[in-house]
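Visitor: Handing you a structure now.
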Amino acid sequence: MVDEAVPRVPPPHEIIIVPPPEHEDRHALLQQCIQVRIAVFVTEQGFPLEVEVDEHDPTATHCLLRLLPSLEPIGTIRAHKVESPGGSYYKLARLVVLKEYRHYKFGRNLVLALHNWAKVHARNSGVTDYVKMVCHSQAVRADSAGAVGFYRKFGYEEQGDLFDEDGEPHQKMVARLSLEE
């Protein structure tokens, strides 16, 4: 039996930003992100394969969590910028960590890495006050407590009612990340 009160030291790892679409390494690294997502969303959680890869993957920014020195992919997250009449925001999506590595709290590291990327991207685009982040968090499932509480820890707040996305209940959540140092 593992003592939950004892902090676990994570294995050596890195989080990289998958290069932009024109970069020669993008395809291979993006495929690693997608394979980790398929392992979690399709194989483990039962979501349909046809909804896992979508129109945003080719242009979204993806963070890839890999073990060192093997470079084995074990987690990923992505975001893309959305321009809307109400203003632009970054849509955080597809956060996964392989089950055997979740106790190391790598999901937190991935969200923070993506938040840092969004802040830099926003500043480089001329934004000076805050970055609006939106995610559709999985709500309670039969096999999990959902992720709403996880996102609250980063300042996300629920907006609106639960809705169906890919056959499961989801909650829209919004955070405003300050760009002040």
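Starting from 1 in every chain, residues are counted up; chains themselves are A, B, ... following the order of the structure tokens, and ligands are numbered from 1 as listed.
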Please extract the residues of stretch 12-53 of chain A with a backbone DSSP assignment of alpha helix (DSSP H) and present them as a list in words.
Guide: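 Here is the list: Arg26, His27, Ala28, Leu29, Leu30, Gln31, Gln32, Cys33, Ile34, Gln35, Val36, Arg37, Leu49, Glu50, Val51 and Glu52 of chain A.
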Visitor: Identify which of the residues A:His103, A:Lys81, A:Lys172, A:Arg37 lies closest to A:His121, counting only C-alpha atoms when measuring atom-to-atom distances.
Guide: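 When distances to A:His121 are compared using only C-alpha atoms, the smallest one comes from A:Lys81.
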Visitor: Do you know which residues are at most 6 Å from A:Ala139 counting only C-alpha atoms, after dropping those on the same chain fewer than 2 positions away, and could you put them as an MDAnalysis selection string?
Guide: chainID A and resid 146 169:170
Visitor: Compile a residue-level contact table for stretch 97-118 of chain A against stretch 50-61 of chain A at a cut-off of 10 Å, reporting for every qualifying residue the shortest atom pair and its distance in Å to one decimal, with only C-alpha atoms counted, rows ordered by chain and ascending number, as a tab-separated table.
Guide:
residue	atom	partner	partner_atom	distance
A:Leu114	CA	A:Thr61	CA	8.6
A:Trp117	CA	A:Thr61	CA	8.8
A:Ala118	CA	A:Thr61	CA	9.4
Visitor: Go ahead and save the picked residues with all heavy atoms, as a short mmCIF file (atom, residue, chain, number, x, y, z; two decimals), in the first residue's frame.
Guide:
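This is the output file part_1.cif:
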data_model
loop_
_atom_site.label_atom_id
_atom_site.label_comp_id
_atom_site.auth_asym_id
_atom_site.auth_seq_id
_atom_site.Cartn_x
_atom_site.Cartn_y
_atom_site.Cartn_z
N LEU A 114 1.10 25.72 -20.42
CA LEU A 114 0.24 26.29 -21.45
C LEU A 114 -0.17 27.72 -21.09
O LEU A 114 -0.21 28.59 -21.96
CB LEU A 114 -1.01 25.43 -21.65
CG LEU A 114 -1.80 25.78 -22.89
CD1 LEU A 114 -1.01 25.47 -24.15
CD2 LEU A 114 -3.13 25.06 -22.90
N TRP A 117 2.71 29.91 -22.04
CA TRP A 117 2.75 30.11 -23.49
C TRP A 117 1.69 31.14 -23.90
O TRP A 117 1.98 32.04 -24.70
CB TRP A 117 2.50 28.79 -24.23
CG TRP A 117 2.25 29.04 -25.68
CD1 TRP A 117 3.19 29.23 -26.65
CD2 TRP A 117 0.98 29.24 -26.30
NE1 TRP A 117 2.56 29.51 -27.86
CE2 TRP A 117 1.22 29.52 -27.66
CE3 TRP A 117 -0.34 29.20 -25.84
CZ2 TRP A 117 0.17 29.77 -28.56
CZ3 TRP A 117 -1.37 29.44 -26.73
CH2 TRP A 117 -1.10 29.72 -28.09
N ALA A 118 0.47 31.02 -23.39
CA ALA A 118 -0.61 31.94 -23.75
C ALA A 118 -0.27 33.37 -23.37
O ALA A 118 -0.55 34.32 -24.12
CB ALA A 118 -1.93 31.50 -23.10
#
Visitor: How far is it from atom CA of A:Glu158 to atom CA of A:Leu95, in Å with one decimal?
Guide: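 Spanning atom CA of A:Glu158 to atom CA of A:Leu95 is a straight-line distance of 17.7 Å.
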Visitor: Per DSSP on the backbone, what are the strand (DSSP E) residues of stretch 24-77 of chain A, as a list in words?
Guide: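 Matching residues, listed in order: Thr61, His62, Cys63, Leu64, Leu65, Arg66, Leu67, Pro73, Ile74, Gly75, Thr76 and Ile77 of chain A.
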Visitor: Could you save those same residues with all heavy atoms as a short mmCIF file (atom, residue, chain, number, x, y, z; two decimals), in the first residue's frame?
Guide:
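After the write, selection.cif holds the following:
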data_model
loop_
_atom_site.label_atom_id
_atom_site.label_comp_id
_atom_site.auth_asym_id
_atom_site.auth_seq_id
_atom_site.Cartn_x
_atom_site.Cartn_y
_atom_site.Cartn_z
N THR A 61 -1.46 25.04 -30.67
CA THR A 61 -0.20 24.89 -29.96
C THR A 61 -0.36 23.73 -28.98
O THR A 61 -1.31 23.70 -28.20
CB THR A 61 0.16 26.19 -29.21
OG1 THR A 61 0.36 27.21 -30.19
CG2 THR A 61 1.41 26.01 -28.37
N HIS A 62 0.57 22.80 -29.04
CA HIS A 62 0.54 21.60 -28.20
C HIS A 62 1.76 21.59 -27.29
O HIS A 62 2.87 21.88 -27.74
CB HIS A 62 0.59 20.33 -29.06
CG HIS A 62 -0.54 20.22 -30.03
ND1 HIS A 62 -1.65 19.44 -29.80
CD2 HIS A 62 -0.73 20.78 -31.25
CE1 HIS A 62 -2.47 19.53 -30.82
NE2 HIS A 62 -1.93 20.34 -31.72
N CYS A 63 1.55 21.25 -26.02
CA CYS A 63 2.64 20.99 -25.09
C CYS A 63 2.71 19.47 -24.92
O CYS A 63 1.69 18.81 -24.78
CB CYS A 63 2.38 21.62 -23.73
SG CYS A 63 2.28 23.42 -23.73
N LEU A 64 3.92 18.96 -24.93
CA LEU A 64 4.14 17.52 -24.82
C LEU A 64 5.02 17.24 -23.61
O LEU A 64 6.11 17.80 -23.49
CB LEU A 64 4.81 17.00 -26.10
CG LEU A 64 5.16 15.51 -26.16
CD1 LEU A 64 3.91 14.64 -26.04
CD2 LEU A 64 5.90 15.21 -27.46
N LEU A 65 4.53 16.38 -22.73
CA LEU A 65 5.26 15.96 -21.53
C LEU A 65 5.95 14.64 -21.86
O LEU A 65 5.29 13.68 -22.27
CB LEU A 65 4.28 15.78 -20.37
CG LEU A 65 4.79 15.12 -19.10
CD1 LEU A 65 5.86 15.96 -18.42
CD2 LEU A 65 3.61 14.86 -18.15
N ARG A 66 7.28 14.61 -21.67
CA ARG A 66 8.06 13.40 -21.99
C ARG A 66 8.98 13.04 -20.84
O ARG A 66 9.50 13.92 -20.15
CB ARG A 66 8.93 13.62 -23.23
CG ARG A 66 8.17 14.13 -24.43
CD ARG A 66 8.97 14.15 -25.69
NE ARG A 66 10.12 15.06 -25.66
CZ ARG A 66 10.89 15.32 -26.69
NH1 ARG A 66 10.66 14.74 -27.86
NH2 ARG A 66 11.89 16.15 -26.59
N LEU A 67 9.18 11.74 -20.67
CA LEU A 67 10.15 11.26 -19.69
C LEU A 67 11.56 11.45 -20.24
O LEU A 67 11.78 11.40 -21.46
CB LEU A 67 9.92 9.79 -19.39
CG LEU A 67 8.61 9.44 -18.69
CD1 LEU A 67 8.50 7.93 -18.50
CD2 LEU A 67 8.48 10.16 -17.35
N PRO A 73 6.52 9.81 -24.51
CA PRO A 73 5.44 10.77 -24.26
C PRO A 73 4.46 10.22 -23.23
O PRO A 73 4.01 9.08 -23.34
CB PRO A 73 4.79 10.93 -25.63
CG PRO A 73 5.10 9.68 -26.37
CD PRO A 73 6.42 9.18 -25.82
N ILE A 74 4.13 11.05 -22.21
CA ILE A 74 3.21 10.59 -21.17
C ILE A 74 2.09 11.59 -20.88
O ILE A 74 1.20 11.30 -20.08
CB ILE A 74 3.96 10.25 -19.86
CG1 ILE A 74 4.65 11.49 -19.28
CG2 ILE A 74 4.93 9.11 -20.08
CD1 ILE A 74 5.13 11.31 -17.85
N GLY A 75 2.10 12.75 -21.53
CA GLY A 75 1.05 13.73 -21.31
C GLY A 75 1.06 14.81 -22.36
O GLY A 75 2.07 15.00 -23.06
N THR A 76 -0.05 15.51 -22.47
CA THR A 76 -0.15 16.59 -23.45
C THR A 76 -1.31 17.52 -23.10
O THR A 76 -2.18 17.17 -22.31
CB THR A 76 -0.32 16.03 -24.89
OG1 THR A 76 -0.21 17.09 -25.83
CG2 THR A 76 -1.63 15.31 -25.06
N ILE A 77 -1.29 18.69 -23.68
CA ILE A 77 -2.36 19.68 -23.59
C ILE A 77 -2.23 20.56 -24.83
O ILE A 77 -1.14 20.66 -25.41
CB ILE A 77 -2.24 20.52 -22.29
CG1 ILE A 77 -3.47 21.37 -22.04
CG2 ILE A 77 -0.97 21.36 -22.31
CD1 ILE A 77 -3.47 22.06 -20.67
#
Visitor: Looking at only C-alpha atoms, which of A:Phe41, A:Phe47, A:Tyr151, A:Tyr130 is the one that sits closest to A:Lys99?
Guide: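 Comparing A:Phe41, A:Phe47, A:Tyr151, A:Tyr130 against A:Lys99, the winner is A:Phe41.
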Visitor: Please list as a compact mmCIF listing (two decimals) with N, CA, C and O atoms, in the first residue's frame every residue within 12 Å of A:Tyr156, counting only C-alpha atoms and excluding residues in the same chain fewer than 3 positions away.
Guide:
# COMPACT_ATOMS: atom_id res chain seq x y z
N LEU A 92 -8.25 26.19 -24.07
CA LEU A 92 -7.44 25.10 -23.52
C LEU A 92 -8.22 23.81 -23.76
O LEU A 92 -9.42 23.76 -23.50
N VAL A 111 -0.80 22.48 -17.41
CA VAL A 111 -1.65 23.67 -17.44
C VAL A 111 -0.79 24.92 -17.27
O VAL A 111 -0.96 25.91 -18.00
N HIS A 115 -0.43 27.98 -19.82
CA HIS A 115 -0.73 29.35 -19.40
C HIS A 115 0.44 30.28 -19.71
O HIS A 115 0.24 31.40 -20.21
N LYS A 132 -7.65 35.87 -21.58
CA LYS A 132 -8.84 35.07 -21.26
C LYS A 132 -8.62 33.65 -21.75
O LYS A 132 -8.26 33.42 -22.90
N MET A 133 -8.80 32.70 -20.82
CA MET A 133 -8.67 31.28 -21.12
C MET A 133 -10.04 30.62 -20.94
O MET A 133 -10.74 30.93 -19.97
N VAL A 134 -10.40 29.73 -21.84
CA VAL A 134 -11.66 29.01 -21.75
C VAL A 134 -11.37 27.53 -21.91
O VAL A 134 -10.53 27.13 -22.73
N CYS A 135 -12.05 26.71 -21.12
CA CYS A 135 -11.97 25.27 -21.32
C CYS A 135 -13.34 24.65 -21.12
O CYS A 135 -14.21 25.26 -20.48
N HIS A 136 -13.54 23.49 -21.69
CA HIS A 136 -14.74 22.69 -21.47
C HIS A 136 -14.30 21.51 -20.62
O HIS A 136 -13.79 20.52 -21.12
N SER A 137 -14.51 21.62 -19.32
CA SER A 137 -14.05 20.62 -18.37
C SER A 137 -15.01 19.44 -18.31
O SER A 137 -16.23 19.63 -18.27
N ALA A 147 -13.22 17.12 -13.78
CA ALA A 147 -12.06 18.00 -13.68
C ALA A 147 -12.39 19.42 -13.27
O ALA A 147 -11.52 20.27 -13.24
N VAL A 148 -13.64 19.70 -12.94
CA VAL A 148 -14.03 21.06 -12.58
C VAL A 148 -13.21 21.57 -11.39
O VAL A 148 -12.67 22.67 -11.41
N GLY A 149 -13.09 20.76 -10.34
CA GLY A 149 -12.31 21.16 -9.17
C GLY A 149 -10.85 21.39 -9.49
O GLY A 149 -10.21 22.29 -8.94
N PHE A 150 -10.31 20.59 -10.40
CA PHE A 150 -8.92 20.75 -10.83
C PHE A 150 -8.72 22.13 -11.44
O PHE A 150 -7.79 22.86 -11.08
N TYR A 151 -9.60 22.53 -12.35
CA TYR A 151 -9.44 23.82 -13.02
C TYR A 151 -9.70 25.00 -12.09
O TYR A 151 -9.12 26.07 -12.26
N ARG A 152 -10.55 24.81 -11.09
CA ARG A 152 -10.77 25.89 -10.11
C ARG A 152 -9.46 26.29 -9.44
O ARG A 152 -9.27 27.45 -9.08
N LYS A 153 -8.57 25.34 -9.23
CA LYS A 153 -7.29 25.62 -8.57
C LYS A 153 -6.43 26.62 -9.36
O LYS A 153 -5.51 27.22 -8.81
N GLN A 159 -19.07 28.79 -16.01
CA GLN A 159 -19.95 29.71 -16.72
C GLN A 159 -21.06 28.90 -17.37
O GLN A 159 -20.78 27.96 -18.11
N GLN A 171 -18.52 21.24 -18.50
CA GLN A 171 -18.79 22.55 -17.92
C GLN A 171 -17.85 23.56 -18.56
O GLN A 171 -16.64 23.36 -18.55
N LYS A 172 -18.41 24.65 -19.10
CA LYS A 172 -17.57 25.73 -19.60
C LYS A 172 -16.95 26.43 -18.40
O LYS A 172 -17.62 26.75 -17.42
N MET A 173 -15.64 26.66 -18.47
CA MET A 173 -14.92 27.33 -17.40
C MET A 173 -14.04 28.42 -18.01
O MET A 173 -13.47 28.24 -19.09
N VAL A 174 -13.93 29.54 -17.30
CA VAL A 174 -13.20 30.70 -17.82
C VAL A 174 -12.24 31.22 -16.75
O VAL A 174 -12.59 31.29 -15.56
N ALA A 175 -11.05 31.58 -17.18
CA ALA A 175 -10.06 32.21 -16.29
C ALA A 175 -9.51 33.45 -17.00
O ALA A 175 -9.41 33.48 -18.22
N ARG A 176 -9.14 34.43 -16.20
CA ARG A 176 -8.47 35.62 -16.72
C ARG A 176 -7.09 35.68 -16.07
O ARG A 176 -6.99 35.85 -14.86
N LEU A 177 -6.07 35.49 -16.88
CA LEU A 177 -4.70 35.46 -16.39
C LEU A 177 -4.07 36.84 -16.54
O LEU A 177 -3.97 37.37 -17.63
Visitor: One decimal, Å: what's the distance from atom CA of A:Tyr104 over to atom CA of A:Val18, could you say?
Guide: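 It comes out at 22.2 Å.
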Visitor: Out of A:Pro48, A:Glu100, A:Gly107, A:Arg94, which residue has the shortest atom-to-atom distance to A:Gly167 when counting only C-alpha atoms?
Guide: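 Distance minimum relative to A:Gly167 lands on A:Pro48.
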Visitor: Could you work out how far atom CA of A:Ile16 lies from atom CA of A:Val131, giving the answer in Å with one decimal?
Guide: 21.1 Å
Visitor: Return the single residue from A:Ser70, A:Ser178, A:Gln45, A:Asn109 that is closest to A:Arg123, with distances computed using only C-alpha atoms.
Guide: A:Ser178
